[in-house]
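Text of coords-v8.txt (compact mmCIF, C-alpha atoms) as supplied:
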```txt
# COMPACT_ATOMS: atom_id res chain seq x y z
CA MET A 1 -35.13 11.80 -21.99
CA ALA A 2 -32.75 14.47 -23.19
CA SER A 3 -29.00 14.75 -23.32
CA PHE A 4 -27.09 17.16 -21.13
CA GLU A 5 -23.44 18.02 -20.88
CA LEU A 6 -22.15 18.77 -17.41
CA LEU A 7 -18.94 20.56 -16.58
CA VAL A 8 -17.70 19.30 -13.23
CA GLU A 9 -14.89 21.04 -11.38
CA VAL A 10 -12.82 19.12 -8.85
CA ARG A 11 -10.52 21.15 -6.64
CA ARG A 12 -8.55 20.64 -3.47
CA ARG A 13 -10.39 21.53 -0.30
CA GLU A 14 -9.35 24.61 1.61
CA GLY A 15 -6.51 23.72 3.93
CA ILE A 16 -5.18 20.94 1.73
CA ALA A 17 -1.76 21.77 0.32
CA ASP A 18 -1.83 22.60 -3.38
CA PRO A 19 1.78 22.37 -4.57
CA GLU A 20 0.82 22.60 -8.25
CA GLY A 21 -1.16 25.80 -7.78
CA ALA A 22 1.60 27.27 -5.62
CA THR A 23 4.23 26.47 -8.25
CA VAL A 24 2.22 28.15 -11.01
CA GLN A 25 1.56 31.13 -8.75
CA ARG A 26 5.27 31.55 -8.10
CA ALA A 27 6.09 31.39 -11.79
CA LEU A 28 3.67 34.09 -12.89
CA PRO A 29 5.47 37.23 -11.63
CA ALA A 30 8.57 36.15 -13.54
CA LEU A 31 6.48 36.35 -16.71
CA GLY A 32 5.22 39.82 -15.85
CA PHE A 33 1.85 38.73 -14.48
CA ASP A 34 2.36 40.63 -11.27
CA THR A 35 -1.32 41.33 -10.68
CA VAL A 36 -2.21 37.66 -10.33
CA GLY A 37 -2.98 36.54 -6.80
CA ARG A 38 -3.80 33.09 -5.59
CA VAL A 39 -3.75 30.19 -8.04
CA ARG A 40 -5.46 26.91 -7.27
CA MET A 41 -5.04 23.83 -9.42
CA GLY A 42 -7.84 21.37 -10.00
CA ARG A 43 -9.40 19.54 -12.86
CA ALA A 44 -12.48 19.96 -15.02
CA ILE A 45 -14.40 17.01 -16.41
CA ARG A 46 -17.12 17.06 -19.07
CA VAL A 47 -19.77 14.38 -18.66
CA GLU A 48 -22.71 13.62 -20.93
CA VAL A 49 -25.83 12.46 -19.12
CA GLU A 50 -29.24 11.27 -20.30
CA ALA A 51 -31.91 12.71 -18.03
CA PRO A 52 -35.52 13.92 -18.17
CA ASP A 53 -34.53 17.49 -17.27
CA GLU A 54 -31.64 19.66 -16.18
CA ALA A 55 -32.27 19.22 -12.46
CA ALA A 56 -32.09 15.44 -12.84
CA ALA A 57 -28.92 15.72 -14.93
CA ARG A 58 -27.31 17.89 -12.28
CA ALA A 59 -28.31 15.41 -9.58
CA VAL A 60 -26.54 12.62 -11.47
CA GLY A 61 -23.50 14.89 -11.78
CA VAL A 62 -23.42 15.61 -8.06
CA SER A 63 -23.74 11.93 -7.26
CA LEU A 64 -20.96 10.76 -9.56
CA ALA A 65 -18.73 13.64 -8.50
CA ASN A 66 -19.13 12.61 -4.87
CA ARG A 67 -18.66 8.91 -5.52
CA LEU A 68 -15.83 8.93 -8.04
CA LEU A 69 -14.61 12.17 -9.56
CA ALA A 70 -13.61 13.75 -6.26
CA ASN A 71 -12.10 12.21 -3.15
CA PRO A 72 -14.00 14.01 -0.36
CA VAL A 73 -11.05 13.60 2.00
CA MET A 74 -9.12 16.21 0.06
CA GLU A 75 -11.28 17.50 -2.76
CA ASP A 76 -14.51 19.46 -3.33
CA SER A 77 -16.55 19.31 -6.47
CA GLU A 78 -19.03 21.63 -8.13
CA ILE A 79 -21.20 21.46 -11.24
CA LEU A 80 -20.03 24.60 -13.06
CA ALA A 81 -22.33 24.33 -16.04
CA CYS A 82 -25.08 22.17 -17.47
CA ARG A 83 -26.30 22.58 -21.01
CA ALA A 84 -28.78 20.66 -23.08
CA LEU A 85 -27.27 18.91 -26.05
CA PRO A 86 -29.17 18.92 -29.31
CA GLY A 87 -31.33 15.78 -29.33
CA ALA A 88 -31.74 13.42 -32.26
CA ALA A 89 -34.97 15.20 -33.21
CA ASP A 90 -33.22 18.59 -33.33
CA ALA A 91 -30.22 17.43 -35.27
CA ALA A 92 -30.82 18.34 -38.87
CA PRO A 93 -28.55 16.07 -40.89
CA GLY A 94 -26.51 17.97 -43.40
CA ALA A 95 -27.63 21.33 -42.10
CA GLY A 96 -24.01 22.40 -42.23
CA GLU A 97 -24.19 24.57 -39.16
CA PRO A 98 -20.79 25.84 -38.13
CA ARG A 99 -19.76 24.13 -34.95
CA MET B 100 1.29 -24.15 8.97
CA THR B 101 2.67 -22.12 6.11
CA ALA B 102 0.41 -19.24 5.22
CA THR B 103 -0.55 -18.42 1.65
CA VAL B 104 -0.69 -14.78 0.63
CA GLY B 105 -2.79 -13.63 -2.31
CA VAL B 106 -1.19 -10.77 -4.23
CA VAL B 107 -3.72 -8.78 -6.23
CA VAL B 108 -2.74 -7.74 -9.75
CA PHE B 109 -4.47 -4.74 -11.28
CA PRO B 110 -3.72 -3.57 -14.81
CA GLY B 111 -0.67 -1.42 -14.12
CA SER B 112 0.53 -3.10 -10.92
CA ASN B 113 4.27 -3.61 -11.12
CA CYS B 114 5.46 -4.92 -7.75
CA GLU B 115 3.43 -8.13 -7.61
CA HIS B 116 6.36 -10.43 -8.40
CA ASP B 117 8.59 -8.59 -5.93
CA VAL B 118 5.98 -9.21 -3.25
CA VAL B 119 5.63 -12.88 -4.19
CA SER B 120 9.38 -13.43 -3.95
CA GLY B 121 9.62 -11.37 -0.75
CA ILE B 122 6.87 -13.51 0.84
CA GLU B 123 8.69 -16.65 -0.26
CA ARG B 124 11.98 -15.42 1.20
CA ALA B 125 10.11 -14.75 4.43
CA GLY B 126 9.02 -18.39 4.43
CA GLY B 127 5.49 -18.20 3.06
CA HIS B 128 3.60 -19.15 -0.05
CA ALA B 129 2.18 -16.56 -2.40
CA ARG B 130 0.02 -16.55 -5.45
CA LEU B 131 -1.29 -13.90 -7.77
CA LEU B 132 -4.95 -12.88 -7.85
CA TRP B 133 -6.40 -11.03 -10.85
CA HIS B 134 -8.44 -7.88 -10.31
CA GLN B 135 -11.42 -9.46 -12.09
CA ASP B 136 -11.48 -12.44 -9.72
CA PRO B 137 -14.78 -12.46 -7.85
CA ASP B 138 -13.25 -14.28 -4.88
CA LEU B 139 -9.89 -14.74 -3.22
CA GLY B 140 -9.77 -18.51 -3.20
CA ASP B 141 -8.06 -20.11 -0.26
CA VAL B 142 -5.65 -17.42 0.88
CA ASP B 143 -4.75 -16.48 4.44
CA ALA B 144 -3.77 -12.88 3.73
CA VAL B 145 -3.98 -10.36 0.89
CA VAL B 146 -1.40 -7.89 -0.36
CA LEU B 147 -2.23 -5.04 -2.73
CA PRO B 148 1.15 -4.35 -4.34
CA GLY B 149 2.74 -1.20 -5.67
CA GLY B 150 2.49 0.11 -9.18
CA PHE B 151 0.05 2.25 -11.11
CA ALA B 152 -3.29 0.45 -11.04
CA HIS B 153 -5.40 1.60 -13.98
CA GLY B 154 -2.64 4.05 -14.84
CA ASP B 155 -3.48 6.10 -11.74
CA TYR B 156 -6.09 7.73 -13.99
CA LEU B 157 -8.34 10.22 -12.21
CA ARG B 158 -6.48 9.65 -8.91
CA ALA B 159 -4.17 6.93 -7.69
CA GLY B 160 -6.37 4.02 -6.64
CA ALA B 161 -9.64 5.70 -7.62
CA LEU B 162 -10.57 3.18 -10.31
CA ALA B 163 -9.00 0.08 -8.77
CA ARG B 164 -11.44 0.24 -5.89
CA PHE B 165 -14.25 -0.72 -8.27
CA ALA B 166 -12.52 -3.93 -9.39
CA PRO B 167 -14.55 -7.08 -8.60
CA VAL B 168 -11.75 -8.43 -6.42
CA MET B 169 -12.07 -5.44 -4.10
CA ALA B 170 -15.52 -6.55 -2.95
CA ALA B 171 -13.92 -9.86 -1.91
CA VAL B 172 -11.01 -8.02 -0.25
CA THR B 173 -13.48 -5.86 1.68
CA ASP B 174 -15.38 -8.93 2.90
CA PHE B 175 -12.11 -10.65 3.81
CA ALA B 176 -10.98 -7.59 5.79
CA ALA B 177 -14.36 -7.30 7.53
CA ALA B 178 -13.99 -10.93 8.65
CA GLY B 179 -10.63 -10.06 10.23
CA GLY B 180 -8.38 -11.31 7.44
CA PRO B 181 -4.99 -9.62 7.16
CA VAL B 182 -4.82 -7.12 4.28
CA VAL B 183 -1.74 -5.04 3.49
CA GLY B 184 -1.49 -2.33 0.85
CA ILE B 185 1.99 -1.28 -0.19
CA CYS B 186 2.49 2.07 -1.94
CA ASN B 187 -0.15 2.04 -4.71
CA GLY B 188 -1.92 -0.61 -2.64
CA PHE B 189 -2.10 1.87 0.25
CA GLN B 190 -3.66 4.40 -2.12
CA VAL B 191 -6.21 1.79 -3.22
CA LEU B 192 -7.10 0.99 0.42
CA THR B 193 -7.77 4.66 1.22
CA GLU B 194 -9.83 5.14 -1.94
CA ALA B 195 -11.79 1.99 -1.10
CA GLY B 196 -12.54 3.32 2.37
CA LEU B 197 -10.76 0.44 4.10
CA LEU B 198 -8.36 2.98 5.60
CA PRO B 199 -9.11 6.63 6.42
CA GLY B 200 -7.48 9.66 4.85
CA ALA B 201 -5.86 10.00 1.46
CA LEU B 202 -2.49 10.18 -0.25
CA GLN B 203 -1.69 13.33 -2.16
CA LYS B 204 1.21 14.49 -4.28
CA ASN B 205 4.47 14.86 -2.41
CA ARG B 206 5.55 18.16 -0.93
CA GLY B 207 7.39 20.18 -3.54
CA LEU B 208 6.00 17.92 -6.29
CA ARG B 209 9.10 15.79 -5.81
CA PHE B 210 9.21 12.12 -6.75
CA VAL B 211 11.07 10.35 -3.96
CA CYS B 212 13.16 7.27 -4.61
CA ALA B 213 15.42 6.39 -1.69
CA THR B 214 15.98 3.95 1.12
CA VAL B 215 14.85 5.79 4.23
CA PRO B 216 14.73 5.05 7.95
CA VAL B 217 11.23 4.20 9.13
CA GLU B 218 10.27 3.72 12.77
CA VAL B 219 7.79 1.11 13.95
CA SER B 220 5.17 3.06 15.95
CA SER B 221 2.78 0.22 16.72
CA THR B 222 3.51 -3.48 17.07
CA THR B 223 -0.11 -4.58 17.49
CA THR B 224 -0.89 -4.87 13.79
CA VAL B 225 -0.74 -7.73 11.32
CA LEU B 226 2.32 -6.18 9.68
CA THR B 227 4.37 -5.37 12.77
CA GLU B 228 3.59 -7.95 15.44
CA LEU B 229 7.09 -9.46 15.29
CA ALA B 230 8.86 -6.07 15.12
CA GLY B 231 10.08 -4.11 18.10
CA GLN B 232 8.39 -0.94 19.31
CA GLY B 233 10.52 1.95 18.06
CA GLN B 234 12.59 -0.34 15.84
CA VAL B 235 14.05 1.60 12.93
CA LEU B 236 13.98 -0.16 9.58
CA ALA B 237 15.73 0.85 6.35
CA LEU B 238 13.02 0.60 3.72
CA PRO B 239 12.84 1.86 0.12
CA VAL B 240 10.24 4.45 -0.83
CA ASN B 241 9.45 5.11 -4.46
CA HIS B 242 6.47 7.34 -5.06
CA PHE B 243 5.07 10.65 -6.25
CA VAL B 244 1.69 10.46 -4.51
CA GLY B 245 2.68 9.49 -0.99
CA SER B 246 1.99 12.44 1.26
CA TYR B 247 -0.59 11.24 3.76
CA THR B 248 -3.39 13.61 4.69
CA CYS B 249 -6.59 13.41 6.70
CA ASP B 250 -8.84 15.68 8.72
CA ARG B 251 -8.05 16.67 12.30
CA ARG B 252 -10.55 14.29 13.86
CA THR B 253 -9.13 11.33 11.95
CA LEU B 254 -5.59 12.25 12.94
CA ASP B 255 -6.62 12.50 16.59
CA GLU B 256 -8.22 9.05 16.34
CA LEU B 257 -5.17 7.54 14.65
CA ARG B 258 -2.94 8.88 17.39
CA ALA B 259 -5.23 8.03 20.31
CA GLU B 260 -5.72 4.47 19.07
CA GLU B 261 -2.04 4.08 18.13
CA ARG B 262 -3.01 3.34 14.57
CA VAL B 263 0.00 5.04 13.03
CA VAL B 264 1.96 1.87 12.26
CA VAL B 265 5.19 3.29 10.83
CA ARG B 266 6.60 6.82 10.75
CA TYR B 267 9.38 8.38 8.72
CA VAL B 268 12.40 9.35 10.80
CA GLU B 269 13.05 12.11 8.26
CA ASN B 270 9.88 13.07 6.41
CA PRO B 271 10.58 12.71 2.67
CA ASN B 272 7.22 13.81 1.23
CA GLY B 273 5.39 16.21 3.56
CA SER B 274 3.25 13.45 5.04
CA LEU B 275 1.07 14.56 7.96
CA ASP B 276 2.64 13.65 11.34
CA ASP B 277 5.47 11.85 9.47
CA ILE B 278 2.99 9.07 8.73
CA ALA B 279 4.40 6.29 6.53
CA GLY B 280 1.68 3.75 7.30
CA ILE B 281 -1.56 3.31 9.25
CA CYS B 282 -4.01 0.58 10.17
CA ASN B 283 -7.78 0.23 10.55
CA PRO B 284 -9.49 -0.02 13.96
CA GLY B 285 -9.32 -3.83 13.77
CA ARG B 286 -5.54 -3.57 13.13
CA ASN B 287 -5.83 -6.22 10.39
CA VAL B 288 -5.74 -3.76 7.47
CA VAL B 289 -2.44 -1.92 7.08
CA GLY B 290 -1.35 0.48 4.38
CA LEU B 291 2.14 1.89 4.00
CA MET B 292 4.15 3.74 1.38
CA PRO B 293 7.56 2.04 1.97
CA HIS B 294 8.23 -1.28 0.24
CA PRO B 295 9.15 -4.08 2.67
CA GLU B 296 9.46 -6.55 -0.24
CA ARG B 297 12.29 -4.48 -1.69
CA ALA B 298 14.22 -4.91 1.55
CA SER B 299 13.98 -8.66 1.81
CA ASP B 300 17.35 -9.89 0.53
CA PRO B 301 20.97 -8.84 1.16
CA LEU B 302 21.35 -8.35 -2.58
CA LEU B 303 18.71 -5.62 -2.39
CA GLY B 304 20.72 -3.67 0.16
CA SER B 305 18.49 -4.26 3.17
CA VAL B 306 16.70 -7.17 4.81
CA ASP B 307 14.78 -4.94 7.20
CA GLY B 308 11.50 -5.62 5.42
CA LEU B 309 11.61 -9.31 6.30
CA VAL B 310 10.37 -8.74 9.86
CA LEU B 311 7.25 -7.11 8.40
CA LEU B 312 6.64 -9.88 5.87
CA ARG B 313 7.18 -12.51 8.58
CA SER B 314 4.72 -10.65 10.81
CA LEU B 315 2.16 -10.81 8.04
CA LEU B 316 2.73 -14.54 7.61
CA HIS B 317 2.50 -15.02 11.37
CA ALA B 318 -0.79 -13.14 11.51
CA ALA B 319 -2.03 -14.95 8.41
CA ALA B 320 -1.37 -18.33 10.00
CA GLY B 321 -3.36 -17.22 13.05
CA ALA B 322 -6.19 -15.78 11.00
CA GLY B 323 -6.29 -18.89 8.85
CA ALA B 324 -6.75 -21.04 11.91
CA GLY B 325 -9.56 -18.83 13.15
CA ALA B 326 -11.18 -18.13 9.81
CA GLY B 327 -14.87 -18.86 9.68
CA ALA B 328 -15.12 -18.31 13.38
CA GLY B 329 -14.04 -14.79 12.47
CA ALA B 330 -11.63 -14.59 15.37
CA GLY B 331 -7.98 -14.11 14.59
CA PRO B 332 -5.88 -13.30 17.65
CA LEU B 333 -5.61 -9.52 17.28
CA LEU B 334 -8.15 -9.00 14.67
CA SER B 335 -11.81 -8.97 15.30
CA ALA B 336 -12.18 -7.22 18.59
CA HIS B 337 -12.59 -3.79 17.04
CA ASP B 338 -14.10 -4.70 13.71
CA GLN B 339 -15.91 -1.81 12.17
CA PRO B 340 -17.54 -1.46 8.81
CA PRO B 341 -15.38 0.30 6.25
CA ILE B 342 -15.74 4.05 6.16
CA SER B 343 -17.76 4.98 3.13
CA LEU B 344 -16.46 7.83 1.04
```

Spit out the file's structure as structure tokens when you get a sec.
Amino acid sequence: MASFELLVEVRRREGIADPEGATVQRALPALGFDTVGRVRMGRAIRVEVEAPDEAAARAVGVSLANRLLANPVMEDSEILACRALPGAADAAPGAGEPR
Amino acid sequence: MTATVGVVVFPGSNCEHDVVSGIERAGGHARLLWHQDPDLGDVDAVVLPGGFAHGDYLRAGALARFAPVMAAVTDFAAAGGPVVGICNGFQVLTEAGLLPGALQKNRGLRFVCATVPVEVSSTTTVLTELAGQGQVLALPVNHFVGSYTCDRRTLDELRAEERVVVRYVENPNGSLDDIAGICNPGRNVVGLMPHPERASDPLLGSVDGLVLLRSLLHAAAGAGAGAGAGAGPLLSAHDQPPISL
């Protein structure tokens, strides 16, 4: 087993009102950001998963996103990234690597 | 027979005592149930009260649905028992799949706190059977995440089956089709954003919620008599398994 970190995005489905995104979008021109178009508000969640490989880690991410992180009535979810975390064997204690 | 209503307390619920006293003013008995309880004991109806279960973390109601008591509530509802979710309780019922659709943040990101007119759209539910069709009730609303939404097919079903239970006369939150409350196909599970328990005494400014609480007690007495046989008067004819999310 290895450790993976997933980045899960949860966003409102198309057609579902997004008052937070709309409010941010309206505020931007006042700050001079007049080239910014549509803004959509969602959330991003980092999850650490133990899995034999990346595909299995992603599958766990999809499953928990569908069951809990997103409400499919109004939200979509997507695994934006999946990276292997250094395992116990790779971690060199006191190596002093900059983080 | 005087019905007993179980009022579920999640960490963060804050209307449970209001519901207990509202039920008592309506002539019933009530007792609190803890979210870790594996069963409901001997209650004739269940209310999920308002508040902020589990801090509304992730989404309102998203974590409460995994509480042990919710498995018992789901079984109770499937057997035809009356279940009502008020405000946060409505959010929990949608997250748990006992009611379709979802509640999202209000239009304009506006917290609404007001007593508003609400029209009874269906009187064949456990919460409205003593109310009049079209009766307008003055009920307090107090929420940020109360704008009802669902897909087109669900809305068509709700309308065709007259499962919109109460509608806002003046929509305060952007709710689809002015929906303030809905029921399941069996009409024994009702969720609504307005708070009938806060309109149950003249001191509170309105007693219009009493007819709803009395309806619940009336249905609970019927369901209690039929429990086990699984046949409350209105309840079991259309029983369907909960929609899984």

### Counting all atoms listed in the file, chain B residues within 10 Å of chain A, as a PyMOL selection string
chain B and resi 157-158+161-162+164-165+193-194+199-209+248-250+273+343-344

### Message
If we draw a sphere of 6 Å around (-4.1, 6.4, -5.6), which residues have at least one atom in it when counting all atoms listed in the file? Please report them as a count of residues only.
### Response
7

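Summary of the local environment: counting only C-alpha atoms, residues at most 6 Å from Leu309 in chain B, other than itself and those fewer than 4 positions away along its chain, are Ala125, Ser299 and Arg313 of chain B.
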
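If you look at CA of Leu226 in chain B and CA of Trp133 in chain B, they are 22.8 Å away from each other.
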
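Considering all atoms listed in the file, the residue among A:Ala30, A:Ala44, A:Val10, A:Ile79 positioned nearest to Ala57 in chain A is A:Ile79.
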